[in-house]
$ cat upload_33.csv   # CSV, C-alpha atoms and all ligand atoms
chain,number,residue,atom,x,y,z
W,4,MET,CA,-13.1,-2.1,-8.0
W,5,THR,CA,-9.9,-0.1,-7.6
W,6,ALA,CA,-7.2,-0.2,-5.0
W,7,VAL,CA,-5.1,2.9,-4.3
W,8,LEU,CA,-1.9,2.8,-2.2
W,9,HIS,CA,-0.7,6.2,-1.0
W,10,ASP,CA,2.7,7.0,0.5
W,11,ILE,CA,3.2,3.5,1.8
W,12,ARG,CA,6.2,3.0,4.1
W,13,HIS,CA,7.2,-0.1,5.8
W,14,GLY,CA,10.0,-1.0,8.2
W,15,TYR,CA,11.1,-4.3,9.7
W,16,GLY,CA,12.5,-3.2,13.0
W,17,ASP,CA,14.5,-0.1,12.4
W,18,VAL,CA,15.1,-0.9,8.7
W,19,GLU,CA,12.7,0.9,6.3
W,20,VAL,CA,12.2,-1.2,3.2
W,21,LEU,CA,9.4,0.7,1.5
W,22,HIS,CA,10.0,4.4,1.2
W,23,GLY,CA,6.7,6.1,0.3
W,24,ILE,CA,5.0,4.2,-2.5
W,25,ASP,CA,2.1,5.5,-4.5
W,26,LEU,CA,0.4,3.0,-6.7
W,27,ASP,CA,-3.0,2.9,-8.3
W,28,LEU,CA,-4.6,-0.4,-9.3
W,29,PRO,CA,-7.5,0.6,-11.5
W,30,ALA,CA,-10.5,-1.6,-12.1
W,31,GLY,CA,-10.1,-3.7,-15.3
W,32,HIS,CA,-6.3,-3.5,-15.4
W,33,LEU,CA,-3.6,-6.0,-14.9
W,34,VAL,CA,-0.5,-4.3,-13.4
W,35,ALA,CA,2.8,-6.2,-13.4
W,36,LEU,CA,5.3,-5.4,-10.7
W,37,LEU,CA,8.9,-6.1,-11.5
W,38,GLY,CA,12.0,-5.6,-9.4
W,39,PRO,CA,15.1,-7.3,-8.1
W,40,SER,CA,15.1,-9.7,-5.2
W,41,GLY,CA,14.7,-7.9,-1.9
W,42,SER,CA,13.3,-4.7,-3.5
W,43,GLY,CA,10.1,-4.9,-1.5
W,44,LYS,CA,7.6,-6.6,-3.9
W,45,THR,CA,6.2,-9.2,-1.5
W,46,THR,CA,6.0,-6.6,1.3
W,47,LEU,CA,4.1,-4.2,-0.9
W,48,LEU,CA,1.7,-7.0,-2.0
W,49,ALA,CA,1.0,-8.1,1.5
W,50,ILE,CA,0.2,-4.5,2.5
W,51,ALA,CA,-2.1,-4.1,-0.5
W,52,GLY,CA,-3.9,-7.4,0.4
W,53,GLY,CA,-4.5,-6.6,4.1
W,54,LEU,CA,-2.0,-9.1,5.4
W,55,LEU,CA,0.6,-6.6,6.8
W,56,THR,CA,-0.2,-3.2,8.3
W,57,PRO,CA,2.2,-0.6,6.8
W,58,THR,CA,4.3,1.6,9.1
W,59,ALA,CA,2.7,4.6,7.4
W,60,GLY,CA,0.5,5.4,4.4
W,61,THR,CA,-3.0,4.4,3.3
W,62,VAL,CA,-4.6,1.8,1.2
W,63,HIS,CA,-8.1,2.3,-0.1
W,64,ILE,CA,-10.2,-0.4,-1.8
W,65,ASN,CA,-12.7,1.7,-3.7
W,66,GLU,CA,-13.3,4.4,-1.2
W,67,SER,CA,-12.9,2.3,1.9
W,68,PRO,CA,-9.7,2.4,4.0
W,69,LEU,CA,-8.1,-1.1,4.3
W,70,TYR,CA,-6.4,-0.1,7.5
W,71,VAL,CA,-8.2,1.8,10.3
W,72,ARG,CA,-6.1,2.8,13.3
W,73,GLY,CA,-3.4,0.3,12.5
W,74,LYS,CA,-5.9,-2.6,12.1
W,75,VAL,CA,-7.1,-4.3,8.9
W,76,ASP,CA,-10.7,-3.6,8.1
W,77,ARG,CA,-12.2,-7.1,7.5
W,78,LYS,CA,-14.9,-5.9,5.1
W,79,ALA,CA,-12.4,-4.1,2.8
W,80,ALA,CA,-10.0,-7.0,3.0
W,81,GLY,CA,-12.8,-9.4,2.0
W,82,ASN,CA,-12.6,-7.9,-1.5
W,83,THR,CA,-9.1,-9.1,-2.0
W,84,ALA,CA,-7.7,-12.5,-2.8
W,85,TYR,CA,-4.0,-13.2,-2.5
W,86,VAL,CA,-1.9,-15.8,-4.3
W,87,LEU,CA,1.0,-16.5,-2.0
W,88,GLN,CA,4.5,-17.1,-3.3
W,89,ALA,CA,4.5,-20.5,-1.5
W,90,SER,CA,1.1,-21.2,-3.1
W,91,ALA,CA,-0.7,-22.1,0.1
W,92,LEU,CA,-3.3,-24.9,-0.4
W,93,ILE,CA,-5.1,-26.8,2.3
W,94,GLY,CA,-3.3,-30.1,2.5
W,95,PHE,CA,-6.2,-32.3,3.5
W,96,LEU,CA,-8.6,-31.1,0.8
W,97,THR,CA,-8.5,-32.2,-2.9
W,98,VAL,CA,-7.6,-29.6,-5.5
W,99,MET,CA,-11.3,-29.2,-6.4
W,100,ASP,CA,-12.3,-28.7,-2.7
W,101,ASN,CA,-9.5,-26.1,-2.3
W,102,LEU,CA,-11.5,-24.1,-4.9
W,103,LEU,CA,-14.9,-24.8,-3.3
W,104,VAL,CA,-13.8,-24.5,0.3
W,105,ARG,CA,-15.0,-21.0,1.0
W,106,ASP,CA,-18.4,-21.7,-0.4
W,107,ILE,CA,-18.6,-24.9,1.7
W,108,THR,CA,-17.7,-23.1,4.9
W,109,THR,CA,-19.9,-20.1,4.3
W,110,GLY,CA,-22.9,-22.2,3.2
W,111,LYS,CA,-22.9,-20.8,-0.4
W,112,LYS,CA,-23.8,-23.2,-3.2
W,113,PRO,CA,-20.5,-24.3,-4.8
W,114,ASP,CA,-20.2,-23.6,-8.5
W,115,ARG,CA,-18.6,-26.9,-9.7
W,116,LYS,CA,-18.9,-26.0,-13.3
W,117,ARG,CA,-16.9,-22.8,-12.9
W,118,ALA,CA,-14.4,-24.6,-10.8
W,119,GLU,CA,-14.0,-27.2,-13.5
W,120,GLU,CA,-13.6,-24.5,-16.1
W,121,LEU,CA,-10.9,-22.8,-14.1
W,122,LEU,CA,-9.0,-26.1,-13.4
W,123,ASP,CA,-9.2,-26.8,-17.1
W,124,ALA,CA,-7.8,-23.4,-17.9
W,125,VAL,CA,-4.7,-24.1,-15.8
W,126,ASP,CA,-4.4,-27.6,-17.2
W,127,LEU,CA,-5.4,-29.4,-14.0
W,128,ALA,CA,-8.8,-30.9,-14.9
W,129,ALA,CA,-7.3,-34.4,-14.7
W,130,LYS,CA,-5.9,-33.7,-11.3
W,131,ALA,CA,-8.9,-32.2,-9.5
W,132,GLY,CA,-9.2,-35.2,-7.2
W,133,ARG,CA,-5.6,-35.2,-6.1
W,134,TYR,CA,-4.3,-33.7,-2.8
W,135,PRO,CA,-1.7,-30.9,-2.9
W,136,SER,CA,1.0,-33.3,-1.7
W,137,GLN,CA,0.4,-35.3,-4.9
W,138,LEU,CA,1.2,-32.3,-7.2
W,139,SER,CA,4.4,-30.8,-8.5
W,140,GLY,CA,5.3,-27.3,-7.4
W,141,GLY,CA,4.1,-25.8,-10.6
W,142,GLU,CA,0.8,-27.6,-10.4
W,143,ARG,CA,0.3,-26.4,-6.9
W,144,GLN,CA,0.9,-22.9,-8.1
W,145,ARG,CA,-1.6,-23.2,-10.9
W,146,ALA,CA,-4.1,-24.7,-8.4
W,147,ALA,CA,-3.6,-21.7,-6.1
W,148,VAL,CA,-4.2,-19.3,-9.0
W,149,ALA,CA,-7.4,-21.1,-9.9
W,150,ALA,CA,-8.5,-21.0,-6.3
W,151,ALA,CA,-8.0,-17.2,-6.1
W,152,LEU,CA,-9.9,-16.6,-9.3
W,153,TYR,CA,-12.7,-18.9,-8.2
W,154,THR,CA,-13.4,-16.4,-5.3
W,155,GLN,CA,-14.3,-13.7,-7.9
W,156,ALA,CA,-12.5,-11.2,-5.7
W,157,PRO,CA,-12.5,-7.8,-7.3
W,158,VAL,CA,-8.9,-7.3,-6.2
W,159,ILE,CA,-6.4,-10.0,-6.9
W,160,LEU,CA,-2.8,-9.9,-5.7
W,161,ALA,CA,-0.5,-12.6,-7.0
W,162,ASP,CA,3.1,-13.1,-5.9
W,163,GLU,CA,5.1,-14.7,-8.7
W,164,PRO,CA,2.3,-16.9,-9.9
W,165,THR,CA,4.3,-18.0,-13.0
W,166,ALA,CA,7.6,-18.6,-11.2
W,167,ALA,CA,7.7,-22.4,-11.4
W,168,LEU,CA,6.0,-22.7,-14.8
W,169,ASP,CA,7.3,-23.2,-18.4
W,170,ARG,CA,6.7,-20.5,-20.9
W,171,GLU,CA,3.4,-21.8,-22.3
W,172,ARG,CA,1.8,-22.5,-18.9
W,173,GLY,CA,3.2,-19.2,-17.5
W,174,ARG,CA,1.5,-17.4,-20.3
W,175,ALA,CA,-1.7,-19.2,-19.8
W,176,VAL,CA,-1.8,-18.2,-16.1
W,177,MET,CA,-1.0,-14.5,-17.1
W,178,GLU,CA,-3.8,-14.7,-19.7
W,179,LEU,CA,-6.2,-16.0,-17.1
W,180,LEU,CA,-5.3,-13.2,-14.7
W,181,ALA,CA,-5.6,-10.6,-17.5
W,182,ALA,CA,-9.0,-12.0,-18.5
W,183,HIS,CA,-10.1,-11.8,-14.8
W,184,ALA,CA,-9.2,-8.1,-14.8
W,185,HIS,CA,-10.8,-7.3,-18.1
W,186,ASP,CA,-13.9,-9.4,-18.0
W,187,ARG,CA,-14.8,-8.8,-14.3
W,188,ASP,CA,-13.5,-5.2,-14.0
W,189,ALA,CA,-11.1,-6.4,-11.3
W,190,ALA,CA,-7.9,-4.8,-10.2
W,191,VAL,CA,-5.1,-7.3,-10.6
W,192,LEU,CA,-1.5,-6.9,-9.4
W,193,VAL,CA,1.1,-9.5,-10.4
W,194,VAL,CA,4.6,-9.7,-9.1
W,195,THR,CA,6.7,-11.4,-11.8
W,196,HIS,CA,10.2,-11.9,-13.0
W,197,ASP,CA,8.8,-13.2,-16.2
W,198,GLU,CA,9.6,-10.6,-18.9
W,199,ARG,CA,8.1,-12.9,-21.5
W,200,ALA,CA,4.5,-12.3,-20.5
W,201,LEU,CA,4.7,-8.6,-19.9
W,202,ASP,CA,2.9,-7.8,-23.1
W,203,LEU,CA,-0.2,-9.1,-21.3
W,204,ALA,CA,0.0,-6.4,-18.7
W,205,ASP,CA,-1.9,-3.1,-19.1
W,206,ARG,CA,0.9,-1.4,-17.1
W,207,VAL,CA,4.4,-2.4,-15.9
W,208,VAL,CA,5.7,-0.9,-12.7
W,209,ARG,CA,9.3,-1.3,-11.5
W,210,ILE,CA,10.4,-1.2,-7.9
W,211,GLU,CA,14.0,-0.8,-6.7
W,212,ASP,CA,15.2,-0.5,-3.1
W,213,GLY,CA,11.7,0.2,-1.9
W,214,ARG,CA,11.0,2.9,-4.5
W,215,LEU,CA,8.9,2.8,-7.7
W,216,GLY,CA,11.0,3.7,-10.8
V,301,LIG,N1,10.1,-10.5,8.3
V,301,LIG,C1,11.1,-9.7,7.9
V,301,LIG,N2,12.0,-9.2,8.8
V,301,LIG,C2,13.0,-8.5,8.4
V,301,LIG,N3,13.3,-8.1,7.2
V,301,LIG,C3,12.5,-8.6,6.2
V,301,LIG,C4,11.4,-9.4,6.5
V,301,LIG,N4,10.7,-9.7,5.4
V,301,LIG,C5,11.4,-9.1,4.4
V,301,LIG,N5,12.5,-8.4,4.9
V,301,LIG,C6,13.4,-7.6,4.1
V,301,LIG,O1,12.7,-6.6,3.4
V,301,LIG,C7,13.2,-6.3,2.1
V,301,LIG,C8,12.1,-6.6,1.1
V,301,LIG,O2,11.7,-7.9,1.2
V,301,LIG,P1,10.6,-8.5,0.2
V,301,LIG,O3,10.3,-9.9,0.5
V,301,LIG,O4,9.4,-7.5,0.2
V,301,LIG,O5,11.3,-8.4,-1.2
V,301,LIG,P2,11.0,-9.0,-2.7
V,301,LIG,O6,11.2,-7.9,-3.7
V,301,LIG,O7,9.6,-9.6,-2.6
V,301,LIG,O8,12.1,-10.1,-2.8
V,301,LIG,P3,12.1,-11.5,-3.6
V,301,LIG,O9,12.0,-11.2,-5.1
V,301,LIG,O10,13.4,-12.1,-3.3
V,301,LIG,O11,10.9,-12.3,-3.1
V,301,LIG,C9,14.4,-7.3,2.0
V,301,LIG,O12,15.6,-6.6,2.3
V,301,LIG,C10,14.1,-8.4,3.0
V,301,LIG,O13,15.3,-8.9,3.5
$ encode --input "upload_33.csv" --output "structure tokens"
Amino acid sequence: MTAVLHDIRHGYGDVEVLHGIDLDLPAGHLVALLGPSGSGKTTLLAIAGGLLTPTAGTVHINESPLYVRGKVDRKAAGNTAYVLQASALIGFLTVMDNLLVRDITTGKKPDRKRAEELLDAVDLAAKAGRYPSQLSGGERQRAAVAAALYTQAPVILADEPTAALDRERGRAVMELLAAHAHDRDAAVLVVTHDERALDLADRVVRIEDGRLG
């Protein structure tokens, strides 16, 4: 699945912070988005993921518009999974249940084996039964990545998923995201400050002051 952003503009009040961004996220590719603090990365990711309606411009997931008459199209948005900067996990569910929760609430049979494999891949197998409050910041972040990948969403948008991680674990998370793109033909966009893992990206895009470089 591909995501295509065209001429995206966004303003907070009168201040425009994205000034006409064109970005293709092809199926099977991991695209890394780099840029200084305040350059618009989180805003762009939120727009790509159906969380924030842009002031102008279009987003298409495959051929379907993500925003129709200023409102997010739920079906198109259902193809995206978003890893938030603050790594939102549900506090009263264990790490394992944070992965399985969507299956449980939609009546789908949870795939525990796959969840275990993902938790193992982010080095959290031993902590699957813990609650988010019993994890470190980096562990929460890794659990959030595992939860996003568990959904098998064909479009994954991750906001600094390696920020709180040491080199080795940061790389392991980037490798997982790259494998998700390559093996599942997914479109993956990762905001990162981590120059050390950029070799794992199929493409590196830089943003400055709301414009792609
Ligand atoms: N809710 C908001 N209201 C007003 N201005 C905002 C809001 N959210 C973000 N901004 C401004 O929009 C610009 C882009 O912010 P954004 O969070 O997208 O940047 P970023 O590149 O993700 O930054 P960082 O790397 O620090 O997370 C910044 O100037 C920021 O101050």
$ residues_near_ligand --input "upload_33.csv" --ligand "ligand LIG 301 (chain V)" --cutoff "7 Å" --atoms "only C-alpha atoms and all ligand atoms" --output "JSON, numbers by chain"
{"W": [15, 20, 38, 39, 40, 41, 42, 43, 44, 45, 46, 47]}
$ write_last_selection --input "upload_33.csv" --atoms "C-alpha atoms" --output "compact mmCIF listing (two decimals), keeping the file's coordinate frame"
# COMPACT_ATOMS: atom_id res chain seq x y z
CA TYR W 15 11.10 -4.30 9.70
CA VAL W 20 12.20 -1.20 3.20
CA GLY W 38 12.00 -5.60 -9.40
CA PRO W 39 15.10 -7.30 -8.10
CA SER W 40 15.10 -9.70 -5.20
CA GLY W 41 14.70 -7.90 -1.90
CA SER W 42 13.30 -4.70 -3.50
CA GLY W 43 10.10 -4.90 -1.50
CA LYS W 44 7.60 -6.60 -3.90
CA THR W 45 6.20 -9.20 -1.50
CA THR W 46 6.00 -6.60 1.30
CA LEU W 47 4.10 -4.20 -0.90
$ residues_around --input "upload_33.csv" --residues "W:Ala204" --least-positions-apart "5" --cutoff "12 Å" --atoms "only C-alpha atoms" --output "VMD selection string"
chain W and resid 31 to 37 174 177 to 182 184 to 185 190 to 195 197 to 199
$ atom_distance --input "upload_33.csv" --atom1 "atom CA of W:Leu48" --atom2 "atom CA of W:Thr108"
26.1 Å
$ residues_around --input "upload_33.csv" --residues "W:Thr58" --least-positions-apart "2" --cutoff "10 Å" --atoms "all atoms listed in the file" --output "PyMOL selection string"
chain W and resi 11-15+19+21+50+55-56+60-61+73
$ write_last_selection --input "upload_33.csv" --atoms "C-alpha atoms" --output "CSV table (one decimal), in the coordinates of the input"
chain,number,residue,atom,x,y,z
W,11,ILE,CA,3.2,3.5,1.8
W,12,ARG,CA,6.2,3.0,4.1
W,13,HIS,CA,7.2,-0.1,5.8
W,14,GLY,CA,10.0,-1.0,8.2
W,15,TYR,CA,11.1,-4.3,9.7
W,19,GLU,CA,12.7,0.9,6.3
W,21,LEU,CA,9.4,0.7,1.5
W,50,ILE,CA,0.2,-4.5,2.5
W,55,LEU,CA,0.6,-6.6,6.8
W,56,THR,CA,-0.2,-3.2,8.3
W,60,GLY,CA,0.5,5.4,4.4
W,61,THR,CA,-3.0,4.4,3.3
W,73,GLY,CA,-3.4,0.3,12.5
$ atom_distance --input "upload_33.csv" --atom1 "atom CA of W:Ser67" --atom2 "atom CA of W:Ala147"
27.0 Å
$ atom_distance --input "upload_33.csv" --atom1 "atom CA of W:Leu121" --atom2 "atom CA of W:Gly173"
14.9 Å
$ closest_residue --input "upload_33.csv" --among "W:Leu215, W:Ile64, W:Val125, W:Ala30" --to "W:Thr165" --atoms "only C-alpha atoms"
W:Val125
$ residues_around --input "upload_33.csv" --residues "W:Glu66" --least-positions-apart "3" --cutoff "10 Å" --atoms "only C-alpha atoms" --output "list in words"
Met4, Thr5, Ala6, Val7, Val62, His63, Leu69 and Ala79 of chain W
$ closest_residue --input "upload_33.csv" --among "W:Ala51, W:Ala128, W:Leu138, W:Leu28" --to "W:Leu92" --atoms "all atoms listed in the file"
W:Leu138
$ closest_residue --input "upload_33.csv" --among "W:Leu96, W:Ala175, W:Ala91, W:Ala189" --to "W:Val158" --atoms "all atoms listed in the file"
W:Ala189
$ closest_residue --input "upload_33.csv" --among "W:Val86, W:Leu103, W:Ala59, W:Ile24" --to "W:Ile159" --atoms "all atoms listed in the file"
W:Val86
$ axis_aligned_box --input "upload_33.csv" --around "stretch 182-196 of chain W" --padding-each-side "6 Å" --output "AutoDock Vina command-line options"
--center_x -2.3 --center_y -8.4 --center_z -13.8 --size_x 37.0 --size_y 19.2 --size_z 21.4
$ closest_residue --input "upload_33.csv" --among "W:Val18, W:Val104, W:Val208, W:Met99" --to "W:Ala118" --atoms "all atoms listed in the file"
W:Met99
$ decode --input "upload_33.csv" --residues "stretch 11-92 of chain W" --atoms "C-alpha atoms" --output "PDB file, in the first residue's frame"
ATOM      1  CA  ILE W  11       0.222  19.759   2.187  1.00  0.00           C
ATOM      2  CA  ARG W  12      -0.110  22.999   4.105  1.00  0.00           C
ATOM      3  CA  HIS W  13      -0.889  23.396   7.731  1.00  0.00           C
ATOM      4  CA  GLY W  14      -1.351  26.376   9.973  1.00  0.00           C
ATOM      5  CA  TYR W  15      -1.857  26.664  13.696  1.00  0.00           C
ATOM      6  CA  GLY W  16      -3.990  29.808  13.926  1.00  0.00           C
ATOM      7  CA  ASP W  17      -2.474  32.321  11.521  1.00  0.00           C
ATOM      8  CA  VAL W  18       0.944  30.702  11.525  1.00  0.00           C
ATOM      9  CA  GLU W  19       1.614  28.350   8.617  1.00  0.00           C
ATOM     10  CA  VAL W  20       4.098  25.652   9.651  1.00  0.00           C
ATOM     11  CA  LEU W  21       3.945  23.373   6.571  1.00  0.00           C
ATOM     12  CA  HIS W  22       4.290  25.187   3.267  1.00  0.00           C
ATOM     13  CA  GLY W  23       3.247  22.797   0.502  1.00  0.00           C
ATOM     14  CA  ILE W  24       4.783  19.376   1.067  1.00  0.00           C
ATOM     15  CA  ASP W  25       4.850  16.629  -1.550  1.00  0.00           C
ATOM     16  CA  LEU W  26       5.871  13.242  -0.224  1.00  0.00           C
ATOM     17  CA  ASP W  27       5.452   9.730  -1.606  1.00  0.00           C
ATOM     18  CA  LEU W  28       5.574   6.754   0.718  1.00  0.00           C
ATOM     19  CA  PRO W  29       5.831   3.786  -1.623  1.00  0.00           C
ATOM     20  CA  ALA W  30       4.844   0.270  -0.643  1.00  0.00           C
ATOM     21  CA  GLY W  31       7.794  -1.757   0.571  1.00  0.00           C
ATOM     22  CA  HIS W  32       9.885   1.265   1.565  1.00  0.00           C
ATOM     23  CA  LEU W  33      11.042   2.713   4.848  1.00  0.00           C
ATOM     24  CA  VAL W  34      11.365   6.488   4.530  1.00  0.00           C
ATOM     25  CA  ALA W  35      13.230   8.345   7.284  1.00  0.00           C
ATOM     26  CA  LEU W  36      12.221  11.946   7.973  1.00  0.00           C
ATOM     27  CA  LEU W  37      14.864  14.151   9.551  1.00  0.00           C
ATOM     28  CA  GLY W  38      14.738  17.765  10.587  1.00  0.00           C
ATOM     29  CA  PRO W  39      15.399  20.192  13.406  1.00  0.00           C
ATOM     30  CA  SER W  40      13.044  20.661  16.329  1.00  0.00           C
ATOM     31  CA  GLY W  41       9.985  22.637  15.293  1.00  0.00           C
ATOM     32  CA  SER W  42      10.445  22.000  11.557  1.00  0.00           C
ATOM     33  CA  GLY W  43       7.036  20.314  11.246  1.00  0.00           C
ATOM     34  CA  LYS W  44       7.788  16.580  11.454  1.00  0.00           C
ATOM     35  CA  THR W  45       5.136  15.647  14.006  1.00  0.00           C
ATOM     36  CA  THR W  46       2.545  17.814  12.256  1.00  0.00           C
ATOM     37  CA  LEU W  47       3.277  16.114   8.930  1.00  0.00           C
ATOM     38  CA  LEU W  48       3.095  12.644  10.466  1.00  0.00           C
ATOM     39  CA  ALA W  49      -0.210  13.403  12.171  1.00  0.00           C
ATOM     40  CA  ILE W  50      -1.628  14.587   8.833  1.00  0.00           C
ATOM     41  CA  ALA W  51      -0.331  11.455   7.051  1.00  0.00           C
ATOM     42  CA  GLY W  52      -1.956   9.286   9.738  1.00  0.00           C
ATOM     43  CA  GLY W  53      -5.411  10.851   9.699  1.00  0.00           C
ATOM     44  CA  LEU W  54      -5.047  12.534  13.067  1.00  0.00           C
ATOM     45  CA  LEU W  55      -4.969  16.140  11.888  1.00  0.00           C
ATOM     46  CA  THR W  56      -6.817  17.604   8.910  1.00  0.00           C
ATOM     47  CA  PRO W  57      -4.418  19.746   6.849  1.00  0.00           C
ATOM     48  CA  THR W  58      -5.316  23.331   6.040  1.00  0.00           C
ATOM     49  CA  ALA W  59      -4.815  22.457   2.363  1.00  0.00           C
ATOM     50  CA  GLY W  60      -3.539  19.613   0.218  1.00  0.00           C
ATOM     51  CA  THR W  61      -4.413  15.944  -0.170  1.00  0.00           C
ATOM     52  CA  VAL W  62      -3.377  12.597   1.277  1.00  0.00           C
ATOM     53  CA  HIS W  63      -4.172   9.393  -0.589  1.00  0.00           C
ATOM     54  CA  ILE W  64      -3.815   5.909   0.850  1.00  0.00           C
ATOM     55  CA  ASN W  65      -3.596   3.830  -2.307  1.00  0.00           C
ATOM     56  CA  GLU W  66      -6.182   5.619  -4.430  1.00  0.00           C
ATOM     57  CA  SER W  67      -8.478   6.620  -1.558  1.00  0.00           C
ATOM     58  CA  PRO W  68      -8.482  10.146  -0.169  1.00  0.00           C
ATOM     59  CA  LEU W  69      -7.763  10.232   3.553  1.00  0.00           C
ATOM     60  CA  TYR W  70      -9.595  13.518   4.022  1.00  0.00           C
ATOM     61  CA  VAL W  71     -12.956  14.158   2.396  1.00  0.00           C
ATOM     62  CA  ARG W  72     -14.479  17.631   2.779  1.00  0.00           C
ATOM     63  CA  GLY W  73     -12.235  18.367   5.746  1.00  0.00           C
ATOM     64  CA  LYS W  74     -13.070  15.158   7.599  1.00  0.00           C
ATOM     65  CA  VAL W  75     -10.971  12.050   7.949  1.00  0.00           C
ATOM     66  CA  ASP W  76     -12.232   9.016   6.058  1.00  0.00           C
ATOM     67  CA  ARG W  77     -12.367   6.227   8.676  1.00  0.00           C
ATOM     68  CA  LYS W  78     -11.871   3.421   6.171  1.00  0.00           C
ATOM     69  CA  ALA W  79      -8.708   4.948   4.692  1.00  0.00           C
ATOM     70  CA  ALA W  80      -7.448   5.830   8.176  1.00  0.00           C
ATOM     71  CA  GLY W  81      -7.985   2.215   9.220  1.00  0.00           C
ATOM     72  CA  ASN W  82      -4.995   1.274   7.073  1.00  0.00           C
ATOM     73  CA  THR W  83      -2.629   3.385   9.123  1.00  0.00           C
ATOM     74  CA  ALA W  84      -1.000   2.742  12.494  1.00  0.00           C
ATOM     75  CA  TYR W  85       0.674   5.525  14.373  1.00  0.00           C
ATOM     76  CA  VAL W  86       3.462   5.254  16.953  1.00  0.00           C
ATOM     77  CA  LEU W  87       3.154   8.379  19.055  1.00  0.00           C
ATOM     78  CA  GLN W  88       6.111  10.346  20.384  1.00  0.00           C
ATOM     79  CA  ALA W  89       4.775   9.887  23.918  1.00  0.00           C
ATOM     80  CA  SER W  90       4.280   6.166  23.163  1.00  0.00           C
ATOM     81  CA  ALA W  91       0.662   5.898  24.197  1.00  0.00           C
ATOM     82  CA  LEU W  92      -0.122   2.557  25.787  1.00  0.00           C
TER      83      LEU W  92
END
